[in-house]
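Coordinates as given in query.txt (compact mmCIF, C-alpha atoms and all ligand atoms):
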```
# COMPACT_ATOMS: atom_id res chain seq x y z
CA MET S 9 -15.12 45.14 63.43
CA GLU S 10 -17.84 47.77 62.99
CA ARG S 11 -21.29 46.43 63.88
CA LEU S 12 -24.55 48.05 62.77
CA GLY S 13 -27.01 48.69 65.59
CA VAL S 14 -30.40 47.55 64.23
CA GLY S 15 -33.83 48.14 65.73
CA VAL S 16 -36.63 45.78 64.67
CA ILE S 17 -40.19 47.12 64.60
CA GLY S 18 -42.71 44.29 64.86
CA VAL S 19 -41.55 40.96 66.32
CA GLY S 20 -44.26 38.65 65.08
CA THR S 21 -43.60 35.75 62.69
CA ILE S 22 -41.09 37.33 60.31
CA GLY S 23 -39.91 40.15 62.60
CA ARG S 24 -38.84 37.68 65.24
CA ARG S 25 -36.86 35.70 62.66
CA HIS S 26 -35.11 38.86 61.54
CA ALA S 27 -34.38 39.77 65.19
CA GLU S 28 -32.96 36.29 65.83
CA ASN S 29 -30.77 36.48 62.71
CA ILE S 30 -29.45 39.88 63.79
CA ALA S 31 -28.84 38.74 67.38
CA TRP S 32 -27.36 35.32 66.65
CA ARG S 33 -26.19 34.94 63.04
CA LEU S 34 -24.92 38.25 61.67
CA PRO S 35 -21.51 39.24 63.15
CA ARG S 36 -21.65 42.72 61.54
CA ALA S 37 -24.96 43.58 63.24
CA ARG S 38 -26.23 43.85 66.80
CA LEU S 39 -29.84 43.92 67.99
CA ALA S 40 -30.05 47.37 69.57
CA ALA S 41 -33.79 47.36 70.31
CA VAL S 42 -37.13 45.83 69.41
CA ALA S 43 -40.59 47.38 69.30
CA ASP S 44 -44.03 45.85 69.05
CA ALA S 45 -47.59 47.11 69.38
CA ASN S 46 -47.86 44.51 72.15
CA PRO S 47 -45.38 45.66 74.83
CA VAL S 48 -45.50 42.27 76.52
CA THR S 49 -44.23 40.69 73.29
CA ALA S 50 -41.60 43.41 72.81
CA ARG S 51 -40.23 42.91 76.32
CA ALA S 52 -40.23 39.10 76.08
CA VAL S 53 -38.40 39.06 72.74
CA ALA S 54 -35.90 41.70 73.91
CA GLU S 55 -35.09 39.70 77.04
CA GLU S 56 -34.83 36.41 75.15
CA LEU S 57 -32.59 37.80 72.39
CA GLY S 58 -30.53 40.10 74.60
CA ALA S 59 -31.67 43.43 73.15
CA PRO S 60 -30.85 46.18 75.69
CA ARG S 61 -34.06 48.10 75.07
CA TRP S 62 -37.65 47.48 73.96
CA TYR S 63 -40.41 49.88 73.02
CA ALA S 64 -44.13 49.92 72.28
CA SER S 65 -43.88 52.38 69.40
CA ALA S 66 -41.97 52.73 66.12
CA ASP S 67 -41.05 56.33 66.87
CA GLU S 68 -39.49 55.57 70.24
CA LEU S 69 -37.35 52.86 68.67
CA ALA S 70 -36.29 55.03 65.73
CA ALA S 71 -35.35 57.84 68.14
CA ASP S 72 -32.99 55.60 70.14
CA PRO S 73 -29.39 56.73 69.42
CA ALA S 74 -28.21 53.11 69.65
CA VAL S 75 -30.47 52.28 66.70
CA GLN S 76 -28.44 53.14 63.59
CA ALA S 77 -30.83 51.44 61.14
CA VAL S 78 -34.44 50.25 61.34
CA LEU S 79 -36.01 47.00 60.13
CA VAL S 80 -39.80 47.32 59.71
CA ALA S 81 -41.57 43.98 60.09
CA SER S 82 -44.87 45.07 61.64
CA THR S 83 -48.27 44.31 60.14
CA ALA S 84 -48.53 45.71 56.59
CA SER S 85 -50.94 48.45 57.71
CA ALA S 86 -48.17 49.85 59.96
CA HIS S 87 -45.35 49.83 57.38
CA ARG S 88 -46.01 53.47 56.46
CA ASP S 89 -45.63 54.57 60.08
CA GLY S 90 -42.43 52.55 60.47
CA ILE S 91 -40.83 54.05 57.37
CA LEU S 92 -41.90 57.58 58.35
CA ALA S 93 -40.48 57.10 61.86
CA ALA S 94 -37.13 55.95 60.43
CA ALA S 95 -37.04 58.89 58.01
CA ARG S 96 -37.99 61.35 60.79
CA HIS S 97 -34.97 60.22 62.80
CA ARG S 98 -32.65 59.99 59.77
CA LYS S 99 -32.22 56.21 59.95
CA ASP S 100 -31.75 53.87 56.95
CA VAL S 101 -34.58 51.35 56.77
CA LEU S 102 -35.34 47.86 55.48
CA CYS S 103 -39.10 47.36 55.17
CA GLU S 104 -40.75 43.97 54.74
CA LYS S 105 -43.17 43.61 51.81
CA PRO S 106 -45.49 45.22 51.01
CA ILE S 107 -43.92 48.68 51.18
CA THR S 108 -47.34 49.90 52.35
CA THR S 109 -50.93 48.80 51.73
CA THR S 110 -51.85 51.64 49.35
CA LEU S 111 -50.04 53.54 46.60
CA ALA S 112 -50.85 56.85 48.28
CA GLU S 113 -49.06 55.67 51.42
CA ALA S 114 -46.16 54.36 49.31
CA ASP S 115 -45.75 57.76 47.66
CA GLU S 116 -45.85 59.44 51.07
CA ALA S 117 -43.19 57.06 52.40
CA LEU S 118 -40.95 57.49 49.33
CA ALA S 119 -41.19 61.27 49.62
CA ALA S 120 -40.24 61.17 53.31
CA VAL S 121 -37.26 58.88 52.61
CA ALA S 122 -36.05 61.17 49.81
CA ALA S 123 -36.49 64.30 51.92
CA ALA S 124 -34.59 62.74 54.81
CA GLY S 125 -31.79 61.47 52.55
CA VAL S 126 -31.98 57.97 53.98
CA ARG S 127 -31.94 54.61 52.18
CA LEU S 128 -35.01 52.37 51.87
CA GLU S 129 -34.59 48.66 51.05
CA ILE S 130 -37.62 46.41 50.47
CA GLY S 131 -37.68 42.84 51.78
CA PHE S 132 -38.35 40.71 48.70
CA MET S 133 -36.26 37.85 50.06
CA ARG S 134 -36.76 35.51 47.06
CA ARG S 135 -34.11 37.52 45.21
CA PHE S 136 -31.62 36.09 47.78
CA ASP S 137 -32.83 32.49 47.33
CA PRO S 138 -30.11 30.40 45.57
CA GLY S 139 -32.52 28.95 43.00
CA PHE S 140 -34.07 32.26 42.00
CA ALA S 141 -30.66 33.99 42.06
CA GLU S 142 -29.23 31.31 39.75
CA ALA S 143 -32.18 31.71 37.39
CA LYS S 144 -31.56 35.45 37.26
CA ALA S 145 -27.85 34.92 36.52
CA ARG S 146 -28.59 32.36 33.77
CA ILE S 147 -31.14 34.68 32.16
CA GLU S 148 -28.61 37.50 32.20
CA ALA S 149 -26.04 35.13 30.63
CA GLY S 150 -28.47 34.40 27.75
CA ALA S 151 -29.08 30.76 28.68
CA ILE S 152 -32.73 30.84 27.55
CA GLY S 153 -32.50 33.55 24.90
CA THR S 154 -35.14 36.22 25.39
CA PRO S 155 -37.39 35.44 28.38
CA VAL S 156 -41.02 35.64 27.24
CA LEU S 157 -43.06 33.82 29.89
CA LEU S 158 -43.00 33.51 33.66
CA LYS S 159 -45.26 30.99 35.33
CA ALA S 160 -45.36 31.23 39.14
CA THR S 161 -46.90 28.80 41.62
CA HIS S 162 -47.29 30.12 45.15
CA ARG S 163 -49.14 27.93 47.65
CA ASN S 164 -49.49 28.11 51.41
CA ALA S 165 -50.69 25.16 53.45
CA ALA S 166 -53.08 27.38 55.43
CA LEU S 167 -54.32 30.96 55.33
CA PRO S 168 -51.48 33.20 56.56
CA PRO S 169 -52.16 35.12 59.80
CA SER S 170 -51.95 38.42 57.92
CA LEU S 171 -55.06 37.42 55.97
CA ALA S 172 -56.94 36.06 58.96
CA PRO S 173 -57.27 39.12 61.20
CA ALA S 174 -58.58 38.81 64.73
CA PRO S 175 -62.36 39.26 65.07
CA GLY S 176 -63.16 42.93 64.67
CA ALA S 177 -59.70 43.75 63.26
CA PRO S 178 -59.62 45.40 59.81
CA ARG S 179 -59.14 43.15 56.76
CA LEU S 180 -56.33 43.89 54.27
CA ALA S 181 -58.06 44.86 51.00
CA GLY S 182 -56.87 42.59 48.19
CA GLY S 183 -54.83 40.61 50.71
CA VAL S 184 -54.15 37.65 48.43
CA PHE S 185 -52.52 40.12 46.01
CA VAL S 186 -51.00 42.75 48.34
CA ASP S 187 -49.74 40.34 50.99
CA SER S 188 -48.92 37.19 49.01
CA ALA S 189 -48.84 37.46 45.20
CA ILE S 190 -46.73 40.59 45.57
CA HIS S 191 -43.67 38.30 45.89
CA ASP S 192 -44.45 36.77 42.49
CA TYR S 193 -45.03 40.19 40.94
CA ASP S 194 -41.63 41.41 42.14
CA GLN S 195 -39.87 38.24 40.95
CA ALA S 196 -41.59 38.59 37.54
CA ARG S 197 -40.33 42.17 37.08
CA TRP S 198 -36.86 41.17 38.32
CA LEU S 199 -36.45 37.97 36.27
CA LEU S 200 -37.82 39.41 33.03
CA ALA S 201 -36.15 42.81 33.65
CA ASP S 202 -39.27 44.44 32.29
CA GLU S 203 -42.26 46.47 33.47
CA VAL S 204 -45.88 45.31 33.62
CA VAL S 205 -48.31 47.30 31.46
CA GLU S 206 -51.53 45.31 31.97
CA VAL S 207 -52.94 43.15 34.77
CA HIS S 208 -55.95 40.82 34.64
CA ALA S 209 -56.91 38.90 37.80
CA VAL S 210 -59.62 36.63 39.14
CA ALA S 211 -59.99 35.41 42.71
CA ALA S 212 -62.19 33.11 44.77
CA PRO S 213 -62.69 32.16 48.43
CA VAL S 214 -62.07 28.40 48.30
CA LEU S 215 -61.97 27.94 52.05
CA ASP S 216 -65.15 29.75 53.00
CA PRO S 217 -67.24 32.32 51.07
CA ALA S 218 -67.19 34.48 54.19
CA ARG S 219 -63.37 34.44 54.37
CA PRO S 220 -60.85 36.41 52.30
CA ASP S 221 -60.04 35.19 48.77
CA ASP S 222 -57.47 32.38 49.12
CA LEU S 223 -57.21 31.43 45.43
CA ALA S 224 -56.21 33.87 42.71
CA LEU S 225 -54.90 33.87 39.15
CA THR S 226 -53.17 36.91 37.66
CA THR S 227 -52.16 37.42 34.03
CA LEU S 228 -49.42 39.98 33.44
CA ARG S 229 -48.50 41.64 30.13
CA PHE S 230 -45.02 43.18 29.97
CA ALA S 231 -43.88 46.22 28.01
CA ARG S 232 -41.66 44.21 25.60
CA GLY S 233 -44.46 41.68 24.95
CA GLY S 234 -43.68 38.98 27.51
CA LEU S 235 -46.43 37.41 29.61
CA GLY S 236 -46.75 36.24 33.19
CA ALA S 237 -49.14 33.79 34.85
CA VAL S 238 -49.23 33.90 38.65
CA GLU S 239 -51.20 31.39 40.70
CA VAL S 240 -51.63 31.88 44.44
CA TYR S 241 -53.47 29.26 46.50
CA LEU S 242 -53.30 29.99 50.21
CA THR S 243 -55.10 26.97 51.66
CA CYS S 244 -53.69 24.06 49.63
CA GLY S 245 -53.31 21.95 52.76
CA TYR S 246 -50.23 19.91 51.75
CA GLY S 247 -47.31 22.29 52.22
CA TYR S 248 -45.53 25.49 51.25
CA ASP S 249 -45.08 25.21 47.49
CA VAL S 250 -43.27 28.01 45.66
CA ARG S 251 -42.05 27.24 42.14
CA ALA S 252 -41.48 29.13 38.92
CA GLU S 253 -40.76 28.50 35.26
CA ILE S 254 -39.15 31.12 33.07
CA ALA S 255 -39.51 30.23 29.39
CA GLY S 256 -37.44 31.97 26.74
CA THR S 257 -36.81 31.76 23.02
CA ALA S 258 -33.94 29.31 23.55
CA GLY S 259 -34.89 27.36 26.67
CA THR S 260 -36.72 27.22 30.02
CA LEU S 261 -35.52 27.53 33.60
CA PHE S 262 -37.25 25.71 36.48
CA VAL S 263 -36.98 26.94 40.08
CA GLY S 264 -38.29 25.48 43.32
CA ASP S 265 -38.85 22.12 44.99
CA LEU S 266 -41.66 21.12 47.35
CA ARG S 267 -39.48 18.49 49.03
CA ALA S 268 -38.02 19.57 52.38
CA SER S 269 -34.94 17.38 51.77
CA ASP S 270 -33.76 14.60 49.46
CA CYS S 271 -34.66 12.02 52.08
CA GLY S 272 -37.51 9.75 51.04
CA LEU S 273 -39.30 6.94 52.88
CA ALA S 274 -40.14 3.69 51.12
CA THR S 275 -42.40 1.17 52.83
CA ALA S 276 -44.85 -1.45 51.74
CA ALA S 277 -47.38 1.37 51.65
CA GLY S 278 -45.32 3.25 49.06
CA LEU S 279 -42.82 6.09 48.75
CA SER S 280 -43.21 9.39 50.61
CA GLN S 281 -41.24 12.58 51.20
CA ARG S 282 -41.71 15.42 53.69
CA PRO S 283 -42.90 18.64 52.04
CA VAL S 284 -41.73 22.11 52.98
CA THR S 285 -44.45 23.52 55.24
CA HIS S 286 -43.70 27.23 55.80
CA TRP S 287 -41.96 30.23 54.25
CA LEU S 288 -39.58 30.47 57.22
CA GLU S 289 -38.37 26.99 56.26
CA ARG S 290 -38.34 27.42 52.48
CA PHE S 291 -36.60 30.80 52.59
CA ALA S 292 -34.58 30.56 55.83
CA GLY S 293 -31.31 31.19 54.00
CA ALA S 294 -32.79 33.91 51.83
CA TYR S 295 -34.04 35.87 54.87
CA LEU S 296 -30.57 35.66 56.43
CA ARG S 297 -28.75 36.70 53.25
CA GLU S 298 -31.26 39.50 52.64
CA VAL S 299 -30.52 41.16 56.00
CA GLU S 300 -26.79 40.39 55.77
CA SER S 301 -26.68 42.16 52.40
CA TRP S 302 -28.60 45.13 53.81
CA VAL S 303 -26.27 45.40 56.84
CA ASP S 304 -23.14 45.17 54.66
CA ARG S 305 -24.42 47.74 52.16
CA THR S 306 -25.54 50.10 54.94
CA LEU S 307 -22.13 49.92 56.63
CA ALA S 308 -20.47 50.50 53.24
CA ASP S 309 -22.75 53.47 52.49
CA GLN S 310 -23.98 51.73 49.31
CA PRO S 311 -27.44 52.17 47.71
CA PRO S 312 -30.22 49.60 48.23
CA THR S 313 -30.46 46.53 45.96
CA ILE S 314 -34.28 46.33 46.14
CA THR S 315 -35.44 49.93 46.08
CA GLY S 316 -38.52 51.73 47.29
CA GLN S 317 -39.50 52.06 43.64
CA ASP S 318 -39.33 48.26 43.30
CA GLY S 319 -41.63 48.07 46.30
CA ARG S 320 -44.03 50.58 44.77
CA ALA S 321 -44.00 48.80 41.38
CA ALA S 322 -44.95 45.46 42.95
CA LEU S 323 -47.66 47.16 45.02
CA GLU S 324 -49.01 48.86 41.89
CA ILE S 325 -49.38 45.45 40.20
CA ALA S 326 -51.08 44.05 43.31
CA THR S 327 -53.42 47.05 43.46
CA ALA S 328 -54.24 46.63 39.77
CA ALA S 329 -55.02 42.96 40.41
CA ARG S 330 -57.44 43.93 43.20
CA LEU S 331 -59.09 46.52 40.90
CA SER S 332 -59.28 43.94 38.08
CA VAL S 333 -61.22 41.56 40.34
CA GLU S 334 -63.49 44.37 41.56
CA GLN S 335 -64.19 45.69 38.04
CA GLY S 336 -64.08 42.39 36.14
CA ARG S 337 -61.71 43.64 33.45
CA PRO S 338 -58.00 44.02 32.61
CA ILE S 339 -56.35 47.06 34.18
CA ARG S 340 -53.72 49.12 32.36
CA LEU S 341 -50.70 50.53 34.20
CA PRO S 342 -49.62 53.06 35.36
CA LEU S 343 -52.50 53.56 37.78
CA ASP S 344 -53.91 56.92 38.72
CA VAL S 345 -53.36 56.74 42.48
CA ARG S 346 -56.58 58.70 43.07
CA ALA S 347 -58.51 55.92 41.27
CA THR S 348 -57.31 53.19 43.63
CA ASP S 349 -59.53 54.52 46.43
CA SER S 350 -58.91 51.93 49.10
CA SER S 351 -57.74 52.49 52.60
CA GLY S 352 -55.82 49.32 51.99
CA VAL S 353 -57.35 47.93 55.11
CA GLY S 354 -61.08 47.55 55.13
C1 LIG Z 401 -46.25 35.99 53.94
O1 LIG Z 401 -46.31 37.30 54.48
C2 LIG Z 401 -45.02 35.84 53.12
O2 LIG Z 401 -44.29 36.77 52.89
C3 LIG Z 401 -44.87 34.52 52.47
O3 LIG Z 401 -43.69 34.51 51.67
C4 LIG Z 401 -46.09 34.24 51.60
O4 LIG Z 401 -45.99 32.95 51.03
C5 LIG Z 401 -47.35 34.32 52.44
O5 LIG Z 401 -48.48 34.05 51.63
C6 LIG Z 401 -47.46 35.71 53.07
O6 LIG Z 401 -48.63 35.78 53.87
```
Kindly present the structure from the file in structure tokens form.
Ligand code: ISE
Amino acid sequence: MERLGVGVIGVGTIGRRHAENIAWRLPRARLAAVADANPVTARAVAEELGAPRWYASADELAADPAVQAVLVASTASAHRDGILAAARHRKDVLCEKPITTTLAEADEALAAVAAAGVRLEIGFMRRFDPGFAEAKARIEAGAIGTPVLLKATHRNAALPPSLAPAPGAPRLAGGVFVDSAIHDYDQARWLLADEVVEVHAVAAPVLDPARPDDLALTTLRFARGGLGAVEVYLTCGYGYDVRAEIAGTAGTLFVGDLRASDCGLATAAGLSQRPVTHWLERFAGAYLREVESWVDRTLADQPPTITGQDGRAALEIATAARLSVEQGRPIRLPLDVRATDSSGVG
């Protein structure tokens, strides 16, 4: 059986999971190499997972002939470099969200992918979650008539590491939108099969005024008149809570469950259930199916399912949300990239 040699750039929280899935759970793939900005981490993960080579740079990994395709899971600020390295060496690439941290970088990455004639897939894993996939299928079958409203709840128990940089490290501008809400923006476009034309967002630092915003509300207006309401709360304390409602003219779909299992505990003190606590738990199957689909499609020479343009569209909404907070007003799309003037990390 043909097996795709995959190199993983960035073996932190999600990159390590992807590397494990490739090494242990995907028979049509093999872990050809890993890279990380921390060479000690790269070497340790390579030795533990049985990857024959490890590198300290994206370009060295992408240049390795044993690496047939590249999975970019580094920090968001390094996604551009990972995609450019894959394109430079003519390798297909799966890039974790966000595609990049700025629209200018996204356009640069998309141009390089097109010029190199390689395929770029974006890692919006919720599309591979059974609940969200069933909702999409039922919408397409007309179960709720015309979808007109998406309400999304997206809560983390604690501030994700990507929004809590090490002292002195740069902060991701609009992190609550670009790093977290971007999942909800992609799912909104996908479930309603429509484009966003206006974004209005507010945000607040619940945890600590000196820390990044960890609470945000975004209102989305779609081209055909539908609306979206996205709530992201990154320090809720009780668990990892991702749910959605999609209301249509003939019904409503509900997706998501905070409970980690259907096991409950009843005592004299009352009834309790264990909540899901992390995205690796809530979306474990989705992450596996996402990479399995990418490997299968790459081996079959098929186009991506979640395209670079999908990645750019979600980033544009997230960028508009950041601008809406900064300017205190609704922001119309499409954005003039020159008017988004953020390094993305600052
Ligand atoms: C993280 O990067 C993810 O992708 C999770 O799905 C999201 O819930 C979390 O807020 C992000 O930081």
Exercise for the section: Kindly provide, as a ChimeraX atom specification, all nucleotide and amino acid residues lying within 10 Å of ligand LIG 401 (chain Z), counting all atoms listed in the file. Expected result: /S:21-22,81,83-84,104-106,131-134,162-172,183-192,222,240-243,248-250,286-288,290-291
Practice task
Using all atoms listed in the file, pick whichever of S:Ala117, S:Ile107, S:Val333, S:Val19 has the shortest atom-to-atom distance to Gly319 (chain S).
Solution key: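 Among the listed residues, the smallest separation from Gly319 (chain S) belongs to S:Ile107.
Take the candidates S:Thr227, S:Ala268, S:Glu239, S:Asp318 and check each one against Ala212 (chain S) using all atoms listed in the file; the shortest distance goes to S:Glu239.
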Handout entry: CA of Asp67 (chain S) to CA of Ala95 (chain S), distance in Å rounded to a single decimal
Key =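 Those two atoms sit 10.1 Å apart.
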Handout entry: Between CA of Gly316 (chain S) and CA of Ala181 (chain S) - distance in Å to one decimal
Key =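 Separation between CA of Ala181 (chain S) and CA of Gly316 (chain S): 21.0 Å.
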Handout entry: From S:Gly256, S:Gly247, S:Gly90, S:Gly233, residue lying nearest Ile147 (chain S) [all atoms listed in the file]
Key =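 Ranked by minimum distance to Ile147 (chain S), first place goes to S:Gly256.
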Problem - For CA of Thr260 (chain S) and CA of Leu228 (chain S), the interatomic separation in Å (one decimal) - result: 18.3 Å
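Distance annotation: of S:Val214, S:Ala141, S:Ile254, S:Leu158, the residue with the minimal separation from Ala294 (chain S) is S:Ala141; atom set is only C-alpha atoms.
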